[in-house]
Amino acid sequence: MRQKKNSDEEEGSEMEIDGEEKIGDQEREEEQDDDEERNSDGEANRGDEVAEVPVENPFLDSFYGLSVTDPKERSQAAQTMLQHCLLGSTANPKDAAYALRRLLNGLCSGRAAARQGNASALASFLKVAFQLEKMDEIRSEALASNKSIGEGERSSDLMYVRDRLLAATDSTTIPGKKKGSEERDYQFGRLFGILGVVRSHILLPYGDEDSSDIREVASAMISDLVELFWLKRWMREPAAHGITTMLKLYFDHSEESRKIGRELVEGVIIPKLLLVTQEQTEVEMSDRQSCLGNYCAEQIGVAAYIQSHPQLQDLPFPLDQAIVSSLTLPLIGQALSETSVVVQPRTHFVWDTFWCLLTEPQDDGSTPANSRKGLKSGSTRNLREKVPLTDESALDVIGATINIVVKEKLLRMDKDTTTAKATHERRSLALCIVKALSGVPFVSSLSGPTQIYMDGDAIEHVLLTPEIVQTLFLNVICAGHQKQHASHLLKPLALGILGELAEATVATGGSRQLSFAKAFLNSSVRFDSRTKTSTVSNLLGFSSGRVPTEVDFSLWNEYLTYLETTFLQLCNKPNDQDSSTEANGYAELLYSAAKNVLRAGIDDQTTDVDKKVIEYKERSVKRILSFFMSTAFFDCSKLKHPTTATTKKKKKGKQTMSAHPVLKSAVKVKENIKFGDNIPYPVRAVVASRFFSLAADFAIVISRESKDGGKSKIEKDSNTLRVLADLCDSWHQLESNGANLFQAEEDKARDKKDVCDPERIVNELRERVTDVERAMKTNPDDSLKQSQKRCATGIAILAMTLHLHRLSCGTDDTIEEDPDADEEDDEEEISNTLDGLKEVAEDFLSGKESDSNPLLGLAEMCANILSSPLGSGNMGRAASPKLVREAVKYVWLGGLRQSALLSTEEKNFLDSSVINVLMEAIGASEGEKNVDEDETDEESEEEGSEEEEENDEDGRVFSKAAMILEDTDDLETEGHNPLSEELDSDVEIDPSKLQTMLEEESDVDVDENVLEHHEGADAALAKLIKLKQDARKAGQQARENIEVSNQLRCTFLLEILLGRPDAWNRLFRSNILEMVVPFLRHRKRVGTLVQKALESGGKNGIGEKKALLDRLSVLIKQKLCKLRLLSMPFATPIGIVPATELLKQIINEAKKAKDNEQMSCCSTCLVFVVRSMPSSPEAVSVISDEYGQIVREWATRRSRGASLLDDFISHMPTMAQATLVTSLNEAAREARSPFLKVEAFRLVALLFAVKTDPASSAVDRLAHEKIRKSQEYLLQTFQHTLQDEEMRKPKRVRIVLKALEKVLPCLTGPLSLEALTSLRTTQEKIETLTGKQPDSKLSGLIKERLVELQTEVATSNLQHSTTEKTPEPSSESRKSKKKKKKKKR
């Protein structure tokens, strides 16, 4: 017997064999009889006692385990079977012969995974049996037990195995009529059995032994496979797979085995398979085209696999020439396209042979691609340089396959040859082909795990052409928007392939990532947004979230170069609208790439890697900003050759020429744009917008990063100044080298005459920052110098930002009305603002005393900028307001810090004028808007009702018209229009009648007093008036939205001022209270606007109105009222008179409040004002009067005042005790309803929750005295309440008793007899209410308190009586005592 030559050639016990399975429970009767016989024999040998108990038999159970679906269980069952009959101590030929028979019979079972399990176990069984030379014993035992096997079948062990396999899988042995499924099971059983024999390697020759038996059996078995191939059409693919598997066994081993494989090809496959057509007719040797044209896909696959082995040369027809080439693909393309019937994601067997033919295994170290990450050795296959038997490269054949099979046959792109549409099955096959060639790992039936590697150029220009990407991905993923949002059937497959493709490509790294990204973007510049995926972003590594490396930097640089080049190529077609749209898309990609680079992950900014990342960020974003500046704002056609700086390296003779990044970009623009042409204006406008947005993002990100690894404090303003200074320098570099700025002729003429030079002012402000920094080097800790630096830096930042917004993308010559016609005014405003910034910087930084208030000028400029189109983003230049707002933030912060440092007790920078400017900026200024809006609404409703009572139709029309024309203010109201129904109807006027009427009217006598009118003209006039009124309302709404938007932005200034009071606490005085009432009134107005908008159902501008309302609430409650004015250095308590007036105004606003939030703001402001008042009896008296009025109105009119009292008691309990005891006591007794009385007692309980300490403060003493004076009346109130029948309900009594429990500890003696009597009566009433329980908690407290108070009364009376009994000495006795004292002296 033959021994296996190399143990490394062993394969696993499991086989992966494609084929159909049948789920059933079919068992052979013969096997069941054998099992019963073996079980009965075993039981008889063990005796009667053992026979009564069922005994497990692992050997027999293992055959059932071979059919389970779990591969691990099948493997364990096979090992158990082999151990029992061949390897273990119990091994015997009888069991081995039985096992062989069971395995062969199990191949024909359609139950679960019976075919896979038995075929795999058969391969292992034969391998072990032949290696251990036990096959003769097994054969002899089988012949002895089954006499039907003739002696003639004892030719060889290999032939015996084949004969037994054929006998076990012969369906003719079954008596009776057979079902089609039964025949299929036997055919697949034979196929699996042959593959099991092949996988066992018993057909391989070893050493010098005779291989005639092997040749005979191999030829017979491959003939059996060919017979199965032609048996049924659905058996062709499994049989072809078996043929190639058997050939692979011989091609991949020794030279002798390759000879056997060649004999099989020449002796069996060619004559029986390849020289026969699908109709099983022989082919003439000379008719090659007819032969290939009639081939089925399986024949092509077998032939392609044979030709994929270059060592097989000089084969006969039809393998003497290449089966797959650019010339043969038109002949075999139809057969290949018909393989789409195979359900994806599995592809037909022919495609696995295709990849074996066109690729070859990658040798370790043979190519640079071997070192790529994610490519396992042996699984990666590279394209062949030359396809066997042709002079073509594999890339040429793949290109022909894509054009002929994919585009023409599968996707039906060639409209000239066919009008049929591509089916889902054909699209899915095309997707699978693209997936395999894109490098996505897959499992091949021939080569196992496989990953095909194609270079970037082939991917971009051959595989993923724009039409392929459009048809397979975009049309599939984006389909369904027009069909009731029904998605495409292949959308999951396309999305899955995109994800796998990106993952596999990123794992390999290299230039393939950029190639795939370019392929997708060439099809659609907005590929990710259209497919709603992050494919391109993932390919470029933007979404990885990890710290980028040098490889990522190189990839991103190449990507930016591609975007810039493509953008300029598209801009070279100025008259092509589609090109301009595509160019805008590439500009967006550049902007998106810059933002992704800015978001690149950084750990802690301390390592060298992180420092390199920060440097690359700055370098890349500066490059994109320079490109945007060169393309959007400058005409680079006349650019001079840029001057370069020469830098010497360490090695002699080597020099590098470096130029400014903006000049490099300008040179690229000049070289790619035709002379005399410019980039189209729409493209320049988009690029200009992205320039300012990116500049803002860049400044924000860089401002938060440290250049020294976090060792020193990050100065955000200095980093922002550095970014803006680089941009200004880039502008200067372009103009210095001949680039012309796009601007109107009026701007050029004005710049020459204008006294204010913006560039000169910006340079001066930059010099101021440099001077302050130079002065700080001597004393870095000087607070004055630090404040000056922050102030100077903020002013310089704002100046540079405004200076950069002077950049213009020019004018559009294609339209008559230029949207940038107001740029001249914008330029003038910017210049004036820069001049004003220069004056503010002089006032702040000169150190000279001046009567002017620089903070006032700064506040005005900041408010004007935020309210202007420059701050809103509505400027004609399409600039982003983010950069402007950041600049305003820095200058406002610097101005506040410097003002606080320069403030003294006499000089206050935050005076009333500054406060008025800030309040006016948010719309909270005092003026005509303070008129009560409720009264206005009532008047308008009354006027509307009176107009509805008019009966004369014509008179009503003209009276209404006269009213509208005379009073234009009424046009802006939204009252009821009584003419709405009439005016909504369509009115037609006869032109001839109207003309006659006008002529007669012109000729009418002036003395005639009769006014004649036409009915149609009257209605037409009313219609025109209605249209005019609607237009005015729309205009009013637009102006209102703009005003709200401006106010919302200006709240930013107040947020900074009030949000960080400790940083500039020297600024705050009592005049800050001037903000309170305007804040409340403005919030009420905005709330009314929001309510009207909600009621009208309109959505225009309601979002910003709600945002402004919320912002005002936060400013009032969380910012302004959180200030502790009395803790500020220069703040003093507010005077009694202004405080009284302020409290009255706030209370008045609280009365008009229409929502709970407005009431809460009023309550918070009341507490804020009270906290800012002095702790004096006069202040307590004023507070007591005002809050007392609130309590009285609430108790008698039931107005909303409880929340005001709640907040006051919660925030200032001591002051509340000093001011509210009397008024709440009266409310508890005299309120208009039991509910209000209960609420009053609840407030009393809250009021007495804190016990005062007379020795702590003046307010505590006042509160203590107030309680002492009111306690007698308060006890009487409790007594009276408990006797009131309306207050006897349990819920009300609980609240009253809780209040009494809080009051008891606060009572102070001595009490009068009436008070003690009231308290004792109250105790008795409580005992009655609680069911006469003397040991109740509250009753006990009252008793204890009564004893204490009575003791105090007795002590007080005793002291009083002692004083009365002691007689006063007479005048004579007093004189005698004085004389005695003098004598003693």
# chains A, B, ... in the order shown; residues from 1 in each chain; ligands from 1
>>> residues_around(residues="Arg384 (chain A)", least_positions_apart="2", cutoff="7 Å", atoms="only C-alpha atoms", output="mmCIF file with C-alpha atoms, in the first residue's frame")
data_model
loop_
_atom_site.group_PDB
_atom_site.id
_atom_site.type_symbol
_atom_site.label_atom_id
_atom_site.label_comp_id
_atom_site.auth_asym_id
_atom_site.auth_seq_id
_atom_site.Cartn_x
_atom_site.Cartn_y
_atom_site.Cartn_z
ATOM 1 C CA LEU A 358 -6.116 36.562 -15.211
ATOM 2 C CA THR A 359 -4.278 36.654 -11.882
ATOM 3 C CA GLU A 360 -1.423 34.851 -10.196
ATOM 4 C CA ASN A 382 -1.884 40.240 -8.742
ATOM 5 C CA LYS A 386 0.630 38.380 -19.861
ATOM 6 C CA VAL A 387 -2.379 36.119 -20.193
ATOM 7 C CA SER A 393 -2.040 41.756 -20.517
ATOM 8 C CA ALA A 394 -4.605 40.794 -17.952
#
>>> residues_around(residues="Gly189 (chain A)", least_positions_apart="2", cutoff="12 Å", atoms="only C-alpha atoms", output="PyMOL selection string")
chain A and resi 17+19-22+103-111+114-119+122+165-171+182-187+191-196+225+228+238-239
>>> select_by_dssp(residues="region 61-200 of chain A", states="alpha helix (DSSP H)", output="PyMOL selection string")
chain A and resi 61-65+71-82+93-106+114-131+135-145+157-168+180-199
>>> closest_residue(among="A:Ile614, A:Arg1069, A:Ile624, A:Asp252", to="Thr561 (chain A)", atoms="only C-alpha atoms")
A:Ile624
>>> residues_around(residues="region 486-495 of chain A", least_positions_apart="2", cutoff="12 Å", atoms="only C-alpha atoms", output="ChimeraX atom specification")
/A:344-345,423-432,434-435,469-484,497-502,528,531-535
>>> residues_around(residues="Val68 (chain A)", least_positions_apart="2", cutoff="9 Å", atoms="only C-alpha atoms", output="PyMOL selection string")
chain A and resi 64-66+70-71+73-74+111-114+117
>>> write_last_selection(atoms="all heavy atoms", output="tab-separated table (two decimals), in the first residue's frame")
chain	number	residue	atom	x	y	z
A	64	TYR	N	-25.19	9.29	12.75
A	64	TYR	CA	-26.25	10.28	12.77
A	64	TYR	C	-25.69	11.69	13.01
A	64	TYR	O	-26.26	12.67	12.55
A	64	TYR	CB	-27.28	9.91	13.86
A	64	TYR	CG	-28.00	8.63	13.57
A	64	TYR	CD1	-27.57	7.44	14.13
A	64	TYR	CD2	-29.12	8.61	12.74
A	64	TYR	CE1	-28.22	6.25	13.88
A	64	TYR	CE2	-29.78	7.43	12.48
A	64	TYR	CZ	-29.33	6.24	13.05
A	64	TYR	OH	-29.99	5.07	12.79
A	65	GLY	N	-24.59	11.76	13.72
A	65	GLY	CA	-23.96	13.07	13.95
A	65	GLY	C	-23.35	13.67	12.70
A	65	GLY	O	-23.09	14.87	12.64
A	66	LEU	N	-23.11	12.82	11.69
A	66	LEU	CA	-22.53	13.34	10.45
A	66	LEU	C	-23.50	14.17	9.64
A	66	LEU	O	-23.10	14.87	8.70
A	66	LEU	CB	-22.01	12.18	9.58
A	66	LEU	CG	-20.83	11.39	10.14
A	66	LEU	CD1	-20.50	10.22	9.24
A	66	LEU	CD2	-19.60	12.29	10.30
A	70	ASP	N	-24.27	21.64	12.30
A	70	ASP	CA	-23.12	22.28	12.96
A	70	ASP	C	-21.83	21.60	12.50
A	70	ASP	O	-21.65	20.39	12.71
A	70	ASP	CB	-23.27	22.16	14.47
A	70	ASP	CG	-22.21	22.97	15.21
A	70	ASP	OD1	-21.41	23.66	14.53
A	70	ASP	OD2	-22.15	22.90	16.45
A	71	PRO	N	-20.89	22.35	11.88
A	71	PRO	CA	-19.65	21.72	11.39
A	71	PRO	C	-18.82	21.10	12.52
A	71	PRO	O	-18.17	20.07	12.31
A	71	PRO	CB	-18.91	22.89	10.73
A	71	PRO	CG	-19.95	23.89	10.43
A	71	PRO	CD	-20.97	23.76	11.50
A	73	GLU	N	-19.89	19.68	15.32
A	73	GLU	CA	-20.47	18.39	15.70
A	73	GLU	C	-20.18	17.33	14.65
A	73	GLU	O	-19.91	16.16	14.98
A	73	GLU	CB	-21.98	18.54	15.90
A	73	GLU	CG	-22.36	19.41	17.10
A	73	GLU	CD	-23.85	19.41	17.34
A	73	GLU	OE1	-24.52	18.49	16.82
A	73	GLU	OE2	-24.34	20.33	18.02
A	74	ARG	N	-20.23	17.70	13.37
A	74	ARG	CA	-19.90	16.73	12.32
A	74	ARG	C	-18.45	16.28	12.43
A	74	ARG	O	-18.14	15.10	12.26
A	74	ARG	CB	-20.16	17.34	10.95
A	74	ARG	CG	-21.62	17.64	10.65
A	74	ARG	CD	-21.87	17.73	9.16
A	74	ARG	NE	-21.04	18.73	8.51
A	74	ARG	CZ	-21.41	19.98	8.28
A	74	ARG	NH1	-22.61	20.38	8.70
A	74	ARG	NH2	-20.61	20.82	7.66
A	111	ARG	N	-30.92	14.43	3.88
A	111	ARG	CA	-31.24	14.92	5.22
A	111	ARG	C	-30.21	15.92	5.69
A	111	ARG	O	-29.03	15.63	5.80
A	111	ARG	CB	-31.28	13.74	6.19
A	111	ARG	CG	-31.57	14.11	7.63
A	111	ARG	CD	-31.74	12.85	8.48
A	111	ARG	NE	-31.96	13.21	9.87
A	111	ARG	CZ	-31.00	13.29	10.77
A	111	ARG	NH1	-29.75	13.02	10.43
A	111	ARG	NH2	-31.28	13.62	12.02
A	112	ALA	N	-30.66	17.17	5.97
A	112	ALA	CA	-29.81	18.23	6.56
A	112	ALA	C	-28.47	18.30	5.83
A	112	ALA	O	-28.42	18.50	4.62
A	112	ALA	CB	-29.66	18.00	8.05
A	113	ALA	N	-27.38	18.11	6.57
A	113	ALA	CA	-26.04	18.19	5.99
A	113	ALA	C	-25.42	16.81	5.83
A	113	ALA	O	-24.21	16.63	6.02
A	113	ALA	CB	-25.15	19.07	6.88
A	114	ALA	N	-26.23	15.81	5.47
A	114	ALA	CA	-25.73	14.44	5.38
A	114	ALA	C	-24.67	14.29	4.30
A	114	ALA	O	-23.66	13.60	4.47
A	114	ALA	CB	-26.90	13.48	5.12
A	117	GLY	N	-21.37	15.93	5.50
A	117	GLY	CA	-20.74	15.19	6.58
A	117	GLY	C	-20.20	13.84	6.15
A	117	GLY	O	-19.08	13.46	6.51
>>> select_by_dssp(residues="region 408-640 of chain A", states="strand (DSSP E or B)", output="short mmCIF file (atom, residue, chain, number, x, y, z; two decimals) with N, CA and C atoms, in the first residue's frame")
data_model
loop_
_atom_site.label_atom_id
_atom_site.label_comp_id
_atom_site.auth_asym_id
_atom_site.auth_seq_id
_atom_site.Cartn_x
_atom_site.Cartn_y
_atom_site.Cartn_z
N PHE A 442 -12.90 37.67 -1.00
CA PHE A 442 -13.98 36.73 -1.24
C PHE A 442 -13.40 35.33 -1.22
N VAL A 443 -14.27 34.33 -1.16
CA VAL A 443 -13.85 32.94 -1.12
C VAL A 443 -14.12 32.33 -2.49
N SER A 444 -13.05 31.91 -3.14
CA SER A 444 -13.16 31.29 -4.46
C SER A 444 -13.29 29.79 -4.29
N GLY A 448 -9.71 29.37 -2.82
CA GLY A 448 -10.00 29.66 -1.43
C GLY A 448 -10.11 31.16 -1.18
N PRO A 449 -9.76 31.64 0.04
CA PRO A 449 -9.80 33.09 0.32
C PRO A 449 -8.92 33.85 -0.67
N THR A 450 -9.52 34.82 -1.34
CA THR A 450 -8.83 35.51 -2.44
C THR A 450 -9.08 37.00 -2.34
N GLN A 451 -8.05 37.75 -2.69
CA GLN A 451 -8.16 39.21 -2.77
C GLN A 451 -7.35 39.66 -3.98
N ILE A 452 -8.03 40.22 -4.95
CA ILE A 452 -7.38 40.64 -6.19
C ILE A 452 -6.87 42.07 -6.04
N TYR A 453 -5.62 42.26 -6.41
CA TYR A 453 -5.00 43.58 -6.28
C TYR A 453 -4.82 44.19 -7.67
N PHE A 634 -8.85 87.47 -7.11
CA PHE A 634 -7.76 88.06 -7.89
C PHE A 634 -7.75 87.52 -9.31
N ASP A 635 -7.39 88.41 -10.21
CA ASP A 635 -7.12 88.05 -11.59
C ASP A 635 -5.62 87.80 -11.71
#
>>> atom_distance(atom1="CA of Ser200 (chain A)", atom2="CA of Ala123 (chain A)")
4.4 Å
>>> closest_residue(among="A:Ala1245, A:Gly180, A:Gly857, A:Leu1346", to="Leu1313 (chain A)", atoms="only C-alpha atoms")
A:Leu1346
>>> atom_distance(atom1="CA of Val914 (chain A)", atom2="CA of Ala859 (chain A)")
6.8 Å
>>> atom_distance(atom1="CA of Ser1257 (chain A)", atom2="CA of Ser1175 (chain A)")
9.0 Å
>>> residues_around(residues="Lys1269 (chain A)", least_positions_apart="6", cutoff="10 Å", atoms="only C-alpha atoms", output="VMD selection string")
chain A and resid 1221 to 1222 1263 1308
>>> write_last_selection(atoms="N, CA and C atoms", output="PDB file, in the first residue's frame")
ATOM      1  N   VAL A1221     -44.985  89.835  57.280  1.00  0.00           N
ATOM      2  CA  VAL A1221     -45.738  89.183  58.359  1.00  0.00           C
ATOM      3  C   VAL A1221     -47.135  89.783  58.490  1.00  0.00           C
ATOM      4  N   THR A1222     -47.209  91.084  58.557  1.00  0.00           N
ATOM      5  CA  THR A1222     -48.503  91.737  58.766  1.00  0.00           C
ATOM      6  C   THR A1222     -49.438  91.513  57.585  1.00  0.00           C
ATOM      7  N   ALA A1263     -36.661  92.162  61.598  1.00  0.00           N
ATOM      8  CA  ALA A1263     -37.583  91.039  61.404  1.00  0.00           C
ATOM      9  C   ALA A1263     -38.066  90.495  62.744  1.00  0.00           C
ATOM     10  N   THR A1308     -42.074  84.947  70.858  1.00  0.00           N
ATOM     11  CA  THR A1308     -41.218  85.460  71.931  1.00  0.00           C
ATOM     12  C   THR A1308     -42.086  86.099  73.006  1.00  0.00           C
TER      13      THR A1308
END
>>> decode(residues="region 1161-1171 of chain A", atoms="all heavy atoms", output="short mmCIF file (atom, residue, chain, number, x, y, z; two decimals), in the first residue's frame")
data_model
loop_
_atom_site.label_atom_id
_atom_site.label_comp_id
_atom_site.auth_asym_id
_atom_site.auth_seq_id
_atom_site.Cartn_x
_atom_site.Cartn_y
_atom_site.Cartn_z
N CYS A 1161 -39.66 86.06 35.41
CA CYS A 1161 -38.63 87.08 35.18
C CYS A 1161 -38.89 88.30 36.06
O CYS A 1161 -37.94 88.87 36.65
CB CYS A 1161 -38.59 87.46 33.71
SG CYS A 1161 -38.00 86.17 32.60
N CYS A 1162 -40.15 88.72 36.15
CA CYS A 1162 -40.48 89.87 37.00
C CYS A 1162 -40.18 89.57 38.46
O CYS A 1162 -39.64 90.43 39.19
CB CYS A 1162 -41.96 90.23 36.84
SG CYS A 1162 -42.41 90.85 35.19
N SER A 1163 -40.49 88.39 38.91
CA SER A 1163 -40.21 88.02 40.29
C SER A 1163 -38.71 88.03 40.56
O SER A 1163 -38.26 88.53 41.61
CB SER A 1163 -40.79 86.63 40.57
OG SER A 1163 -40.47 86.22 41.87
N THR A 1164 -37.92 87.49 39.64
CA THR A 1164 -36.46 87.48 39.82
C THR A 1164 -35.91 88.90 39.85
O THR A 1164 -35.01 89.22 40.64
CB THR A 1164 -35.80 86.68 38.68
OG1 THR A 1164 -36.40 85.40 38.59
CG2 THR A 1164 -34.31 86.52 38.93
N CYS A 1165 -36.46 89.78 39.03
CA CYS A 1165 -36.00 91.18 39.01
C CYS A 1165 -36.37 91.89 40.31
O CYS A 1165 -35.60 92.73 40.81
CB CYS A 1165 -36.61 91.91 37.81
SG CYS A 1165 -35.97 91.36 36.22
N LEU A 1166 -37.53 91.61 40.88
CA LEU A 1166 -37.90 92.21 42.16
C LEU A 1166 -36.90 91.83 43.25
O LEU A 1166 -36.45 92.67 44.03
CB LEU A 1166 -39.31 91.75 42.56
CG LEU A 1166 -40.50 92.45 41.87
CD1 LEU A 1166 -41.80 91.78 42.25
CD2 LEU A 1166 -40.52 93.93 42.20
N VAL A 1167 -36.55 90.56 43.30
CA VAL A 1167 -35.57 90.11 44.30
C VAL A 1167 -34.22 90.78 44.06
O VAL A 1167 -33.51 91.17 45.00
CB VAL A 1167 -35.44 88.57 44.24
CG1 VAL A 1167 -34.33 88.09 45.17
CG2 VAL A 1167 -36.76 87.92 44.60
N PHE A 1168 -33.85 90.93 42.77
CA PHE A 1168 -32.57 91.57 42.43
C PHE A 1168 -32.54 93.02 42.91
O PHE A 1168 -31.55 93.49 43.48
CB PHE A 1168 -32.36 91.49 40.92
CG PHE A 1168 -31.14 92.22 40.43
CD1 PHE A 1168 -29.88 91.93 40.93
CD2 PHE A 1168 -31.25 93.21 39.46
CE1 PHE A 1168 -28.75 92.61 40.48
CE2 PHE A 1168 -30.14 93.89 39.00
CZ PHE A 1168 -28.89 93.58 39.51
N VAL A 1169 -33.63 93.74 42.71
CA VAL A 1169 -33.68 95.13 43.15
C VAL A 1169 -33.66 95.22 44.68
O VAL A 1169 -32.96 96.06 45.26
CB VAL A 1169 -34.93 95.83 42.57
CG1 VAL A 1169 -35.06 97.23 43.13
CG2 VAL A 1169 -34.85 95.87 41.05
N VAL A 1170 -34.43 94.37 45.34
CA VAL A 1170 -34.45 94.38 46.80
C VAL A 1170 -33.08 94.06 47.36
O VAL A 1170 -32.63 94.68 48.35
CB VAL A 1170 -35.51 93.38 47.31
CG1 VAL A 1170 -35.40 93.22 48.83
CG2 VAL A 1170 -36.90 93.85 46.93
N ARG A 1171 -32.38 93.12 46.75
CA ARG A 1171 -31.04 92.77 47.21
C ARG A 1171 -30.06 93.92 47.01
O ARG A 1171 -29.04 94.02 47.72
CB ARG A 1171 -30.55 91.53 46.49
CG ARG A 1171 -29.25 90.97 47.04
CD ARG A 1171 -28.82 89.72 46.31
NE ARG A 1171 -29.63 88.58 46.66
CZ ARG A 1171 -30.39 87.90 45.83
NH1 ARG A 1171 -30.45 88.29 44.56
NH2 ARG A 1171 -31.09 86.87 46.21
#
